[in-house]
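Chemist: Data file target-v1.cif (mmCIF, C-alpha atoms) is appended below.
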```
data_input
#
loop_
_atom_site.group_PDB
_atom_site.id
_atom_site.type_symbol
_atom_site.label_atom_id
_atom_site.label_comp_id
_atom_site.auth_asym_id
_atom_site.auth_seq_id
_atom_site.Cartn_x
_atom_site.Cartn_y
_atom_site.Cartn_z
ATOM 1 C CA MET Y 903 118.397 116.928 91.328
ATOM 2 C CA ASN Y 904 118.768 113.498 89.846
ATOM 3 C CA ASP Y 905 122.223 113.548 91.286
ATOM 4 C CA PRO Y 906 124.102 110.377 90.414
ATOM 5 C CA SER Y 907 124.994 109.961 94.056
ATOM 6 C CA SER Y 908 121.395 110.048 95.250
ATOM 7 C CA SER Y 909 119.987 106.882 96.747
ATOM 8 C CA CYS Y 910 118.019 106.296 93.614
ATOM 9 C CA ASP Y 911 120.718 106.514 91.052
ATOM 10 C CA VAL Y 912 123.814 105.112 92.619
ATOM 11 C CA GLY Y 913 125.116 101.703 91.732
ATOM 12 C CA GLN Y 914 125.466 99.815 88.513
ATOM 13 C CA GLN Y 915 123.347 101.320 85.779
ATOM 14 C CA ALA Y 916 121.036 99.077 83.859
ATOM 15 C CA GLY Y 917 122.180 98.668 80.280
ATOM 16 C CA PRO Y 918 119.993 100.093 77.552
ATOM 17 C CA ILE Y 919 117.250 97.668 76.614
ATOM 18 C CA ALA Y 920 115.216 99.233 73.832
ATOM 19 C CA ALA Y 921 113.508 102.516 73.267
ATOM 20 C CA GLY Y 922 110.313 100.940 71.950
ATOM 21 C CA SER Y 923 107.457 99.178 73.674
ATOM 22 C CA ARG Y 924 108.457 95.995 75.442
ATOM 23 C CA VAL Y 925 107.508 93.366 77.977
ATOM 24 C CA LEU Y 926 109.933 92.461 80.760
ATOM 25 C CA ARG Y 927 109.249 88.923 81.973
ATOM 26 C CA LEU Y 928 109.401 88.076 85.626
ATOM 27 C CA GLY Y 929 111.594 85.000 86.005
ATOM 28 C CA PRO Y 930 112.424 82.785 88.983
ATOM 29 C CA ASP Y 931 113.271 84.343 92.334
ATOM 30 C CA PHE Y 932 111.843 87.757 91.412
ATOM 31 C CA ARG Y 933 114.469 88.469 88.768
ATOM 32 C CA TRP Y 934 113.310 90.103 85.550
ATOM 33 C CA GLN Y 935 114.785 88.515 82.440
ATOM 34 C CA GLY Y 936 117.494 90.635 80.826
ATOM 35 C CA VAL Y 937 117.382 93.277 83.531
ATOM 36 C CA PRO Y 938 120.536 93.656 85.619
ATOM 37 C CA LEU Y 939 120.477 93.608 89.391
ATOM 38 C CA ALA Y 940 122.252 96.508 91.060
ATOM 39 C CA GLU Y 941 123.374 97.426 94.512
ATOM 40 C CA TYR Y 942 120.938 99.620 96.384
ATOM 41 C CA LYS Y 943 123.510 102.400 96.578
ATOM 42 C CA GLN Y 944 127.199 102.723 97.202
ATOM 43 C CA ALA Y 945 128.331 100.622 100.113
ATOM 44 C CA ALA Y 946 127.950 102.338 103.447
ATOM 45 C CA GLU Y 947 127.245 101.536 107.053
ATOM 46 C CA HIS Y 948 123.737 102.914 107.131
ATOM 47 C CA TRP Y 949 121.993 100.302 105.015
ATOM 48 C CA SER Y 950 122.265 96.555 104.622
ATOM 49 C CA GLY Y 951 121.142 93.706 102.399
ATOM 50 C CA ILE Y 952 119.368 95.514 99.577
ATOM 51 C CA THR Y 953 119.311 95.012 95.826
ATOM 52 C CA ARG Y 954 117.756 97.303 93.231
ATOM 53 C CA THR Y 955 116.321 96.493 89.803
ATOM 54 C CA SER Y 956 115.519 99.360 87.449
ATOM 55 C CA LEU Y 957 112.285 98.462 85.632
ATOM 56 C CA ALA Y 958 111.420 101.647 83.762
ATOM 57 C CA GLY Y 959 112.456 105.236 83.261
ATOM 58 C CA GLU Y 960 116.226 104.886 83.271
ATOM 59 C CA VAL Y 961 116.885 102.987 80.070
ATOM 60 C CA GLY Y 962 115.832 105.264 77.250
ATOM 61 C CA GLU Y 963 112.257 106.089 78.188
ATOM 62 C CA SER Y 964 111.135 109.692 78.531
ATOM 63 C CA THR Y 965 108.833 109.231 81.518
ATOM 64 C CA GLY Y 966 109.006 111.821 84.265
ATOM 65 C CA PHE Y 967 109.291 108.974 86.788
ATOM 66 C CA HIS Y 968 111.446 105.949 87.566
ATOM 67 C CA VAL Y 969 110.090 102.527 88.578
ATOM 68 C CA ARG Y 970 112.437 100.354 90.608
ATOM 69 C CA TYR Y 971 112.134 97.032 92.458
ATOM 70 C CA PHE Y 972 113.976 96.821 95.754
ATOM 71 C CA GLU Y 973 114.503 93.683 97.746
ATOM 72 C CA ILE Y 974 115.639 93.633 101.344
ATOM 73 C CA ALA Y 975 117.133 90.397 102.649
ATOM 74 C CA PRO Y 976 116.119 89.098 106.076
ATOM 75 C CA GLY Y 977 117.688 91.407 108.651
ATOM 76 C CA GLY Y 978 118.336 94.135 106.106
ATOM 77 C CA PHE Y 979 117.228 97.760 106.130
ATOM 78 C CA SER Y 980 117.357 100.893 104.006
ATOM 79 C CA SER Y 981 118.909 104.195 105.048
ATOM 80 C CA HIS Y 982 117.052 106.128 107.711
ATOM 81 C CA GLU Y 983 116.705 109.228 105.602
ATOM 82 C CA GLN Y 984 114.662 112.157 104.398
ATOM 83 C CA HIS Y 985 114.363 114.172 101.191
ATOM 84 C CA ALA Y 986 112.006 116.573 99.472
ATOM 85 C CA HIS Y 987 110.879 114.077 96.831
ATOM 86 C CA GLU Y 988 108.034 111.658 97.463
ATOM 87 C CA HIS Y 989 108.108 107.871 97.415
ATOM 88 C CA VAL Y 990 105.273 105.605 96.354
ATOM 89 C CA VAL Y 991 105.999 102.043 97.483
ATOM 90 C CA ILE Y 992 103.919 98.936 96.730
ATOM 91 C CA VAL Y 993 104.741 95.677 98.510
ATOM 92 C CA PHE Y 994 105.336 92.951 95.972
ATOM 93 C CA ARG Y 995 106.996 90.060 97.824
ATOM 94 C CA GLY Y 996 106.956 88.876 101.413
ATOM 95 C CA ARG Y 997 106.521 91.336 104.220
ATOM 96 C CA GLY Y 998 108.486 93.999 106.011
ATOM 97 C CA GLN Y 999 108.208 97.216 107.949
ATOM 98 C CA VAL Y 1000 108.234 100.933 107.274
ATOM 99 C CA GLN Y 1001 109.104 103.636 109.758
ATOM 100 C CA LEU Y 1002 107.390 106.957 108.981
ATOM 101 C CA GLY Y 1003 108.507 109.562 111.464
ATOM 102 C CA GLU Y 1004 108.364 107.765 114.796
ATOM 103 C CA THR Y 1005 105.771 105.176 113.733
ATOM 104 C CA VAL Y 1006 106.683 101.666 112.581
ATOM 105 C CA GLN Y 1007 104.108 99.690 110.598
ATOM 106 C CA ASP Y 1008 104.157 96.143 109.290
ATOM 107 C CA LEU Y 1009 103.632 95.764 105.555
ATOM 108 C CA GLU Y 1010 102.262 92.896 103.484
ATOM 109 C CA PHE Y 1011 101.637 92.159 99.825
ATOM 110 C CA GLY Y 1012 99.807 94.973 98.081
ATOM 111 C CA ASP Y 1013 100.111 97.572 100.821
ATOM 112 C CA VAL Y 1014 100.875 101.005 99.401
ATOM 113 C CA VAL Y 1015 103.134 103.442 101.239
ATOM 114 C CA TYR Y 1016 103.195 107.129 100.387
ATOM 115 C CA VAL Y 1017 106.219 108.912 101.873
ATOM 116 C CA ALA Y 1018 105.479 112.632 101.994
ATOM 117 C CA PRO Y 1019 108.121 115.312 101.359
ATOM 118 C CA HIS Y 1020 110.713 115.533 104.150
ATOM 119 C CA GLU Y 1021 109.238 112.595 106.076
ATOM 120 C CA VAL Y 1022 112.008 110.680 107.851
ATOM 121 C CA HIS Y 1023 111.607 107.067 106.815
ATOM 122 C CA GLN Y 1024 113.195 103.642 106.698
ATOM 123 C CA PHE Y 1025 112.274 100.236 105.267
ATOM 124 C CA ARG Y 1026 113.253 97.133 107.211
ATOM 125 C CA ASN Y 1027 112.994 93.379 106.977
ATOM 126 C CA PRO Y 1028 112.936 91.730 110.399
ATOM 127 C CA PHE Y 1029 111.306 88.621 108.926
ATOM 128 C CA ALA Y 1030 112.676 85.357 107.557
ATOM 129 C CA GLU Y 1031 111.867 85.788 103.849
ATOM 130 C CA PRO Y 1032 112.916 88.444 101.325
ATOM 131 C CA PHE Y 1033 110.895 91.661 101.431
ATOM 132 C CA GLY Y 1034 110.379 93.088 97.940
ATOM 133 C CA PHE Y 1035 108.655 96.277 96.871
ATOM 134 C CA LEU Y 1036 108.182 98.551 93.902
ATOM 135 C CA CYS Y 1037 109.278 102.153 94.488
ATOM 136 C CA ILE Y 1038 108.245 104.953 92.146
ATOM 137 C CA VAL Y 1039 109.876 108.378 92.249
ATOM 138 C CA ASP Y 1040 110.057 111.472 90.106
ATOM 139 C CA ALA Y 1041 112.960 111.313 87.669
ATOM 140 C CA LYS Y 1042 114.150 114.715 88.872
ATOM 141 C CA ARG Y 1043 114.577 114.555 92.604
ATOM 142 C CA ASP Y 1044 116.763 115.775 95.395
ATOM 143 C CA ARG Y 1045 119.458 113.841 97.178
ATOM 144 C CA PRO Y 1046 118.537 112.077 100.440
ATOM 145 C CA THR Y 1047 119.974 113.086 103.761
ATOM 146 C CA VAL Y 1048 120.820 110.218 106.093
ATOM 147 C CA ILE Y 1049 119.397 111.088 109.487
ATOM 148 C CA HIS Y 1050 121.649 108.836 111.542
ATOM 149 C CA PRO Y 1051 123.352 105.497 111.164
ATOM 150 C CA VAL Y 1052 121.313 102.571 112.426
ATOM 151 C CA MET R 1477 97.208 117.590 79.026
ATOM 152 C CA ASN R 1478 95.643 115.918 82.022
ATOM 153 C CA ASP R 1479 92.303 116.417 80.350
ATOM 154 C CA PRO R 1480 89.475 115.211 82.583
ATOM 155 C CA SER R 1481 88.109 113.190 79.731
ATOM 156 C CA SER R 1482 91.333 111.298 79.143
ATOM 157 C CA SER R 1483 91.280 107.578 79.852
ATOM 158 C CA CYS R 1484 93.240 108.171 82.993
ATOM 159 C CA ASP R 1485 91.125 110.778 84.683
ATOM 160 C CA VAL R 1486 87.553 110.048 83.796
ATOM 161 C CA GLY R 1487 85.199 108.442 86.259
ATOM 162 C CA GLN R 1488 84.540 108.954 89.921
ATOM 163 C CA GLN R 1489 87.359 110.800 91.610
ATOM 164 C CA ALA R 1490 88.893 109.349 94.705
ATOM 165 C CA GLY R 1491 88.117 111.473 97.730
ATOM 166 C CA PRO R 1492 90.986 113.194 99.480
ATOM 167 C CA ILE R 1493 92.728 110.848 101.896
ATOM 168 C CA ALA R 1494 95.514 112.784 103.579
ATOM 169 C CA ALA R 1495 98.387 114.918 102.431
ATOM 170 C CA GLY R 1496 100.900 113.275 104.763
ATOM 171 C CA SER R 1497 102.670 109.952 104.630
ATOM 172 C CA ARG R 1498 100.345 106.971 104.786
ATOM 173 C CA VAL R 1499 99.926 103.262 104.260
ATOM 174 C CA LEU R 1500 97.028 101.981 102.167
ATOM 175 C CA ARG R 1501 96.173 98.429 103.206
ATOM 176 C CA LEU R 1502 95.285 95.836 100.628
ATOM 177 C CA GLY R 1503 92.066 94.157 101.742
ATOM 178 C CA PRO R 1504 90.128 91.174 100.421
ATOM 179 C CA ASP R 1505 89.519 90.809 96.701
ATOM 180 C CA PHE R 1506 92.213 93.334 95.719
ATOM 181 C CA ARG R 1507 90.386 96.317 97.208
ATOM 182 C CA TRP R 1508 92.459 98.862 99.120
ATOM 183 C CA GLN R 1509 90.894 99.944 102.392
ATOM 184 C CA GLY R 1510 89.374 103.418 102.246
ATOM 185 C CA VAL R 1511 90.163 103.861 98.568
ATOM 186 C CA PRO R 1512 87.149 104.171 96.264
ATOM 187 C CA LEU R 1513 86.746 102.065 93.181
ATOM 188 C CA ALA R 1514 86.012 103.977 89.997
ATOM 189 C CA GLU R 1515 84.914 103.200 86.500
ATOM 190 C CA TYR R 1516 87.737 102.878 84.017
ATOM 191 C CA LYS R 1517 86.408 105.808 82.007
ATOM 192 C CA GLN R 1518 83.055 107.095 80.868
ATOM 193 C CA ALA R 1519 80.902 104.332 79.494
ATOM 194 C CA ALA R 1520 81.499 103.669 75.827
ATOM 195 C CA GLU R 1521 81.426 100.828 73.367
ATOM 196 C CA HIS R 1522 85.153 100.498 72.962
ATOM 197 C CA TRP R 1523 86.013 99.053 76.377
ATOM 198 C CA SER R 1524 84.400 96.552 78.735
ATOM 199 C CA GLY R 1525 84.607 95.237 82.277
ATOM 200 C CA ILE R 1526 87.290 97.477 83.821
ATOM 201 C CA THR R 1527 87.578 99.152 87.199
ATOM 202 C CA ARG R 1528 90.188 101.693 88.272
ATOM 203 C CA THR R 1529 91.600 102.434 91.723
ATOM 204 C CA SER R 1530 93.697 105.560 92.195
ATOM 205 C CA LEU R 1531 96.544 104.669 94.570
ATOM 206 C CA ALA R 1532 98.779 107.740 94.478
ATOM 207 C CA GLY R 1533 99.220 111.089 92.794
ATOM 208 C CA GLU R 1534 95.625 112.229 92.520
ATOM 209 C CA VAL R 1535 94.671 112.827 96.146
ATOM 210 C CA GLY R 1536 96.831 115.674 97.350
ATOM 211 C CA GLU R 1537 100.326 114.454 96.544
ATOM 212 C CA SER R 1538 102.673 116.522 94.408
ATOM 213 C CA THR R 1539 104.256 113.672 92.463
ATOM 214 C CA GLY R 1540 104.765 114.156 88.755
ATOM 215 C CA PHE R 1541 103.129 110.747 88.187
ATOM 216 C CA HIS R 1542 99.924 108.875 88.964
ATOM 217 C CA VAL R 1543 99.753 105.262 90.158
ATOM 218 C CA ARG R 1544 96.528 103.408 89.403
ATOM 219 C CA TYR R 1545 95.351 99.796 89.730
ATOM 220 C CA PHE R 1546 93.178 98.523 86.910
ATOM 221 C CA GLU R 1547 91.279 95.291 86.918
ATOM 222 C CA ILE R 1548 89.778 93.699 83.840
ATOM 223 C CA ALA R 1549 87.033 91.133 84.362
ATOM 224 C CA PRO R 1550 87.056 87.891 82.348
ATOM 225 C CA GLY R 1551 86.176 88.781 78.769
ATOM 226 C CA GLY R 1552 86.930 92.472 79.295
ATOM 227 C CA PHE R 1553 89.304 94.733 77.419
ATOM 228 C CA SER R 1554 90.616 98.296 77.431
ATOM 229 C CA SER R 1555 90.321 100.756 74.579
ATOM 230 C CA HIS R 1556 92.450 100.056 71.529
ATOM 231 C CA GLU R 1557 94.177 103.399 71.614
ATOM 232 C CA GLN R 1558 97.287 105.472 71.259
ATOM 233 C CA HIS R 1559 98.710 108.618 72.822
ATOM 234 C CA ALA R 1560 101.981 110.466 73.211
ATOM 235 C CA HIS R 1561 102.409 109.634 76.888
ATOM 236 C CA GLU R 1562 104.032 106.422 78.024
ATOM 237 C CA HIS R 1563 102.531 103.638 80.163
ATOM 238 C CA VAL R 1564 104.410 101.465 82.613
ATOM 239 C CA VAL R 1565 102.267 98.467 83.546
ATOM 240 C CA ILE R 1566 103.091 95.767 86.121
ATOM 241 C CA VAL R 1567 100.904 92.685 86.339
ATOM 242 C CA PHE R 1568 99.623 92.253 89.881
ATOM 243 C CA ARG R 1569 96.775 89.722 89.746
ATOM 244 C CA GLY R 1570 95.930 86.864 87.427
ATOM 245 C CA ARG R 1571 96.933 86.976 83.803
ATOM 246 C CA GLY R 1572 95.934 88.716 80.622
ATOM 247 C CA GLN R 1573 97.161 89.938 77.284
ATOM 248 C CA VAL R 1574 98.616 93.096 75.804
ATOM 249 C CA GLN R 1575 98.540 94.083 72.163
ATOM 250 C CA LEU R 1576 101.471 96.327 71.181
ATOM 251 C CA GLY R 1577 101.119 97.334 67.556
ATOM 252 C CA GLU R 1578 100.181 94.088 65.799
ATOM 253 C CA THR R 1579 101.704 91.785 68.402
ATOM 254 C CA VAL R 1580 99.685 90.131 71.176
ATOM 255 C CA GLN R 1581 101.551 88.786 74.212
ATOM 256 C CA ASP R 1582 100.328 86.872 77.251
ATOM 257 C CA LEU R 1583 101.105 88.446 80.613
ATOM 258 C CA GLU R 1584 101.537 86.935 84.056
ATOM 259 C CA PHE R 1585 102.266 88.166 87.570
ATOM 260 C CA GLY R 1586 105.209 90.547 87.684
ATOM 261 C CA ASP R 1587 105.589 91.079 83.951
ATOM 262 C CA VAL R 1588 106.353 94.719 83.137
ATOM 263 C CA VAL R 1589 104.981 96.365 80.007
ATOM 264 C CA TYR R 1590 106.413 99.598 78.680
ATOM 265 C CA VAL R 1591 104.138 101.247 76.115
ATOM 266 C CA ALA R 1592 106.194 103.682 74.068
ATOM 267 C CA PRO R 1593 104.863 107.020 72.804
ATOM 268 C CA HIS R 1594 102.233 106.638 70.071
ATOM 269 C CA GLU R 1595 102.239 102.830 70.268
ATOM 270 C CA VAL R 1596 98.773 101.483 69.520
ATOM 271 C CA HIS R 1597 97.898 99.192 72.423
ATOM 272 C CA GLN R 1598 95.153 97.311 74.199
ATOM 273 C CA PHE R 1599 94.898 95.192 77.362
ATOM 274 C CA ARG R 1600 92.584 92.187 77.337
ATOM 275 C CA ASN R 1601 91.439 89.425 79.623
ATOM 276 C CA PRO R 1602 90.463 86.288 77.711
ATOM 277 C CA PHE R 1603 90.975 84.155 80.823
ATOM 278 C CA ALA R 1604 88.630 82.994 83.599
ATOM 279 C CA GLU R 1605 89.988 85.034 86.535
ATOM 280 C CA PRO R 1606 90.324 88.806 87.029
ATOM 281 C CA PHE R 1607 93.386 90.408 85.415
ATOM 282 C CA GLY R 1608 94.810 93.195 87.582
ATOM 283 C CA PHE R 1609 97.727 95.514 86.906
ATOM 284 C CA LEU R 1610 99.364 98.666 88.173
ATOM 285 C CA CYS R 1611 99.649 101.430 85.586
ATOM 286 C CA ILE R 1612 101.931 104.420 86.091
ATOM 287 C CA VAL R 1613 101.716 107.527 83.938
ATOM 288 C CA ASP R 1614 102.961 111.080 83.986
ATOM 289 C CA ALA R 1615 100.519 113.386 85.756
ATOM 290 C CA LYS R 1616 100.576 115.704 82.759
ATOM 291 C CA ARG R 1617 99.673 113.721 79.706
ATOM 292 C CA ASP R 1618 97.794 113.904 76.462
ATOM 293 C CA ARG R 1619 94.370 112.484 75.735
ATOM 294 C CA PRO R 1620 94.184 109.040 74.112
ATOM 295 C CA THR R 1621 92.843 108.512 70.647
ATOM 296 C CA VAL R 1622 90.714 105.429 70.177
ATOM 297 C CA ILE R 1623 91.938 103.658 67.067
ATOM 298 C CA HIS R 1624 88.816 101.653 66.324
ATOM 299 C CA PRO R 1625 86.066 99.955 68.276
ATOM 300 C CA VAL R 1626 86.701 96.311 69.021
#
```
Would you mind writing the file out in structure tokens?
Modeler:
Amino acid sequence: MNDPSSSCDVGQQAGPIAAGSRVLRLGPDFRWQGVPLAEYKQAAEHWSGITRTSLAGEVGESTGFHVRYFEIAPGGFSSHEQHAHEHVVIVFRGRGQVQLGETVQDLEFGDVVYVAPHEVHQFRNPFAEPFGFLCIVDAKRDRPTVIHPV
Amino acid sequence: MNDPSSSCDVGQQAGPIAAGSRVLRLGPDFRWQGVPLAEYKQAAEHWSGITRTSLAGEVGESTGFHVRYFEIAPGGFSSHEQHAHEHVVIVFRGRGQVQLGETVQDLEFGDVVYVAPHEVHQFRNPFAEPFGFLCIVDAKRDRPTVIHPV
């Protein structure tokens, strides 16, 4: 329930930016100007090579959702996990893979992934360039369960 | 309150796709495969040249948010409007402009716009190529008020 140790909230918090309307500029190397880069979640063995950028919903807004940008380095992967809350993922940079249940699919720019409640899933980057995607979740959400270490 | 005549819900509804996890593939010309294109809202004098694609939240999901892709043709513009609900916009194709209050700013790929509650705003495309952006809103939201025709 928006637990600070959930996969979505762990790591360095973005500092407050402003409560009013604003534009966040995309700078070089897919870094947004003035927006801190955070670790994906607390260090563990079940994920590798991921950064997280909080773009909206966690710095003073009152939206019922959070918008984050994740980037997986070549060879990296997210936790193989499940939870009741849904993910909406939109590929923004490079390409990668998603495992939904037992099925692995390649992903390219603009592909949209909907992860249904309780679906076991994992994002991976077996390619040579960074794999970046937007991930939108409800602000109030349950904590993920890691299915097994990779 | 998610009124069907709000700017976010008017127009042709996307048909149901599937309740389970899924990947929506981006095809040529920024059209997602199997996802219908809709009009921005019911025809009126205060907007021009906009299409809307519903990517998540309106076809069987239970997310507390909706994810839509809007595209504004060269010379087009959205309603000059305000509402209590917040917008999070991420530029995805081409470039355009946003007016927030009295300020007009150019937007390029990856720029993130947060429209605060009750901020008067408008998106415009004065450029030669299509201007496309993702727009995320709470599923439950109030109806916009058009400030004045352009």
Chemist: Compare Y:Val1000, Y:His1050, Y:Val990, Y:Val937 by their minimum atom-to-atom distance to Gly1540 of chain R, counting all atoms listed in the file, and give me the closest one.
Modeler: Y:Val990
Chemist: Translate the PyMOL selection byres ((chain Y) within 6 of (chain R)) into a concrete residue list for this structure, as a list of chain:residue names.
Modeler: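 So the PyMOL selection byres ((chain Y) within 6 of (chain R)) ends up selecting Y:Gly922, Y:Ser923, Y:Arg924, Y:Val925, Y:Leu926, Y:Arg927, Y:Leu928, Y:Gly1012, Y:Asp1013, Y:Val1014, Y:Val1015, Y:Tyr1016, Y:Val1017, Y:Ala1018.
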Chemist: Would you mind exporting the chosen residues as a compact mmCIF listing (two decimals), in the frame of the given file, restricted to C-alpha atoms?
Modeler:
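Saved as part_0.txt:
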```txt
# COMPACT_ATOMS: atom_id res chain seq x y z
CA GLY Y 922 110.31 100.94 71.95
CA SER Y 923 107.46 99.18 73.67
CA ARG Y 924 108.46 96.00 75.44
CA VAL Y 925 107.51 93.37 77.98
CA LEU Y 926 109.93 92.46 80.76
CA ARG Y 927 109.25 88.92 81.97
CA LEU Y 928 109.40 88.08 85.63
CA GLY Y 1012 99.81 94.97 98.08
CA ASP Y 1013 100.11 97.57 100.82
CA VAL Y 1014 100.88 101.00 99.40
CA VAL Y 1015 103.13 103.44 101.24
CA TYR Y 1016 103.20 107.13 100.39
CA VAL Y 1017 106.22 108.91 101.87
CA ALA Y 1018 105.48 112.63 101.99
```
Chemist: Kindly give the distance, in Å, that separates atom CA of Gly977 of chain Y and atom CA of Gly998 of chain Y, rounded to a single decimal.
Modeler: 9.9 Å
Chemist: Using all atoms listed in the file, which residue out of Y:Val1006, Y:Val1048, Y:Leu939, Y:Ile952 lies closest to Ala975 of chain Y?
Modeler: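 For Ala975 of chain Y, the nearest of the given residues is Y:Ile952.
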Chemist: Tell me which of R:Glu1534, R:Arg1569, R:Glu1578, R:Glu1557 sits closest to Thr1621 of chain R, counting all atoms listed in the file.
Modeler: R:Glu1557
Chemist: Can you pull out the residues contacting Asn1601 of chain R? Cut-off 8 Å, using all atoms listed in the file, and skip same-chain residues under 5 positions away; I want them as a PyMOL selection string.
Modeler: chain R and resi 1548-1553+1571-1573+1606-1607
Chemist: I'd like the interatomic distance between atom CA of Pro1620 of chain R and atom CA of Gln1575 of chain R, to a tenth of an Å.
Modeler: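 Spanning atom CA of Pro1620 of chain R to atom CA of Gln1575 of chain R is a straight-line distance of 15.7 Å.
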Chemist: Can we get segment 970-981 of chain Y of that structure written down with C-alpha atoms, as a PDB file, in the first residue's frame?
Modeler:
```
ATOM      1  CA  ARG Y 970       8.614   6.855 -13.768  1.00  0.00           C
ATOM      2  CA  TYR Y 971      11.343   6.294 -16.373  1.00  0.00           C
ATOM      3  CA  PHE Y 972      13.387   3.141 -15.949  1.00  0.00           C
ATOM      4  CA  GLU Y 973      16.523   2.318 -17.841  1.00  0.00           C
ATOM      5  CA  ILE Y 974      18.077  -1.118 -17.961  1.00  0.00           C
ATOM      6  CA  ALA Y 975      21.730  -1.338 -18.966  1.00  0.00           C
ATOM      7  CA  PRO Y 976      22.854  -4.017 -21.420  1.00  0.00           C
ATOM      8  CA  GLY Y 977      22.670  -7.345 -19.598  1.00  0.00           C
ATOM      9  CA  GLY Y 978      20.445  -5.955 -16.867  1.00  0.00           C
ATOM     10  CA  PHE Y 979      17.037  -7.143 -15.704  1.00  0.00           C
ATOM     11  CA  SER Y 980      14.281  -6.246 -13.266  1.00  0.00           C
ATOM     12  CA  SER Y 981      12.994  -8.481 -10.483  1.00  0.00           C
TER      13      SER Y 981
END
```
